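Colleague: Here it is: the structure, laid out below.
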Protein chains: 2
Amino acid sequence: MARAASTKGNTRIQRQKTKQILDAALEVFSTYGFRGSTIDQIAAQAGLSKPNILYYFDGKEAIHGVLLDRLLHTWLEPLEHLGESDNPVDEICAYVTRKLEMSRDYPRESRLFANEILQGAPNIIAELQGPLKSLTDDKCRLIQSWIDEGKIAPLDPHHLIFSIWSTTQHYADFDVQVQAVLGASTTDRFETAQTHLDRLFRAMLTPQKADDI
Amino acid sequence: MARAASTKGNTRIQRQKTKQILDAALEVFSTYGFRGSTIDQIAAQAGLSKPNILYYFDGKEAIHGVLLDRLLHTWLEPLEHLGESDNPVDEICAYVTRKLEMSRDYPRESRLFANEILQGAPNIIAELQGPLKSLTDDKCRLIQSWIDEGKIAPLDPHHLIFSIWSTTQHYADFDVQVQAVLGASTTDRFETAQTHLDRLFRAMLTPQKADDI
DNA sequence: TCTTTTTCTGACCATATGGTCAAGACTATG
DNA sequence: CATAGTCTTGACCATATGGTCAGAAAAAGA
């Protein structure tokens, strides 16, 4: 018999093929969106036949589902690492850097996520309202405590996080536009972006000793 | 006879129906993306029959094309208004505000654009490399001149613009996520975002009289 | 090696979708 | 109010696409 809701993982062949399929699917889904992608495209990309794909997964939606599941874990990881520090400005800037690196190294994942959200997040709305919201609220409390201690400038923690997400993910999701306008090489684009974003958030976060003492 | 590459506009009925169709198409395309949308959906949304839609437009792609054309014009307008000013910080912040208002008032247009870019901008890559790049480069020179005059802090003009685009459009394109995390009402979300973004860019742009004099 | 289990595929099916067309309904106007 | 032109639609077509299935081909065991 050969059942398995979605991911198989027993034999050597199963492990290899499922990985192969998921990688191909990520490539295709992140480029054309869910409805714009076909099993044939994924099959071609994976170098397998369509029925063979359906042998490993219960359908197009199942493949997409597995990708989204894994994605959320990867996606939230950097934020989880945001923690106590005696230099909160550096700590937050390090988070910005990590997020930017993810845009550079995992643009497909970023676009898959963006596609999903753009279309109303039909398949991950629960995760957004659950785990994502919890984690975010949690980190916002941490940020608020830094504000209360005067270690960073006063600002809305939630919107700060939105700004970090948007500015960093922009370099993955809107890469075509960035390239069209900048025309720089990939490394150049990300290096200058890194410098810029660090400066941006540092300026915003560094507390102003307004009227001093 | 009844020819017209795409937009008809002679009789009263033609004007009304084309507008009706374009509005419905914007709704559908911005929600499901080009390939995820069907003519039937557009027809239903517009309250017309499918053949009737095709009487006014030469096909699905033609409708999409018209929408994209109009979009680019609307989209670049705010940036065009960025001009000389004796208070560049205010001038740029006003641009940020205008962009945020567009996210609030025209979220469908924002998502249509995002969808197109995400998928590699197949239909507007030329416009990005042409008009968009020209305009952007142009405004970057203006910003650079402000920097040279010491009126705003030194920073990379291109990346500054990317930051403005990404942070403001985030509230339209990722609205579902923002809602999931914030849970605030629409007006609340945009009001607090406005405050936050103004603070963010003001902090970054205001020149530091580092070693004074 | 022989048998069992897993893996793979060509052929097929049902449905969805972009698009056409001939004919009917409606409108404007001479 | 008749007629030319405009508008609308039901019925249809060709193709694309998600998915199935019976049986062939490999692998894995015994």
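Labeling convention for the structure tokens: chains A, B, ... as they appear, residues from 1 per chain, ligands from 1 in order of appearance.
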Please produce, as a Markdown table, a per-residue contact table for chain D versus segment 7-27 of chain B (criterion: any atom at most 12 Å away, only C-alpha atoms (C1' of nucleotides) considered), showing the nearest atom pair and its distance in Å to one decimal, sorted by chain then residue number.
Modeller:
```
| residue | atom | partner | partner_atom | distance |
| --- | --- | --- | --- | --- |
| D:DG5 | C1' | B:Thr11 | CA | 11.9 |
| D:DT6 | C1' | B:Thr11 | CA | 9.2 |
| D:DC7 | C1' | B:Ile13 | CA | 8.8 |
```
Colleague: Tell me which protein, DNA and RNA residues are within 10 Å of DT7 of chain C, counting only C-alpha atoms (C1' of nucleotides), leaving out same-chain ones fewer than 3 positions away, and put them as a ChimeraX atom specification.
Modeller: /A:13-14,52,55-56 /D:25-27
Colleague: Would you give me, as number ranges by chain, the residues of chain A that come within 8 Å of chain B, using only C-alpha atoms?
Modeller: A: 30-36, 111, 114-115, 117-121, 125, 128-129, 132-133, 136-137, 155-156, 158-160, 162-163, 166-167, 170, 173-174, 176-178, 180-182, 192-193, 196, 199-201, 203-204
Colleague: If the cut-off is 12 Å, can you tell me the residues of chain C near chain A, counting only C-alpha atoms (C1' of nucleotides)? I'd like them as a count of residues only.
Modeller: 8
Colleague: Report the closest atom pair, with its distance in Å rounded to one decimal, for each residue of chain A that has an atom no farther than 9 Å from chain D; count only C-alpha atoms (C1' of nucleotides), sort by chain and then rising residue number, and write it as a tab-separated table.
Modeller:
```
residue	atom	partner	partner_atom	distance
A:Thr38	CA	D:DT17	C1'	7.2
A:Ile39	CA	D:DG18	C1'	7.8
A:Asp40	CA	D:DT17	C1'	8.6
A:Pro51	CA	D:DG19	C1'	8.7
A:Leu54	CA	D:DG19	C1'	8.2
A:Gly59	CA	D:DG19	C1'	7.9
A:Lys60	CA	D:DG18	C1'	7.9
```
Colleague: Considering only alpha helix (DSSP H) as DSSP defines it on the backbone, what residues of chain B qualify? List them as an MDAnalysis selection string.
Modeller: chainID B and resid 12:32 39:46 50:56 60:80 88:105 107:118 125:127 133:148 157:173 175:182 186:205
Colleague: If you measure from atom CA of Trp75 of chain A to atom CA of Phe113 of chain A, what distance in Å do you get, rounded to one decimal?
Modeller: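 It comes out at 9.0 Å.
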Colleague: Enter the distance from atom CA of Leu79 of chain B to atom CA of Lys139 of chain B, in Å, rounded to one decimal.
Modeller: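 Interatomic distance, atom CA of Leu79 of chain B to atom CA of Lys139 of chain B: 7.9 Å.
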Colleague: Distance atom CA of Glu109 of chain A-atom CA of Val28 of chain A, one decimal place?
Modeller: 11.1 Å
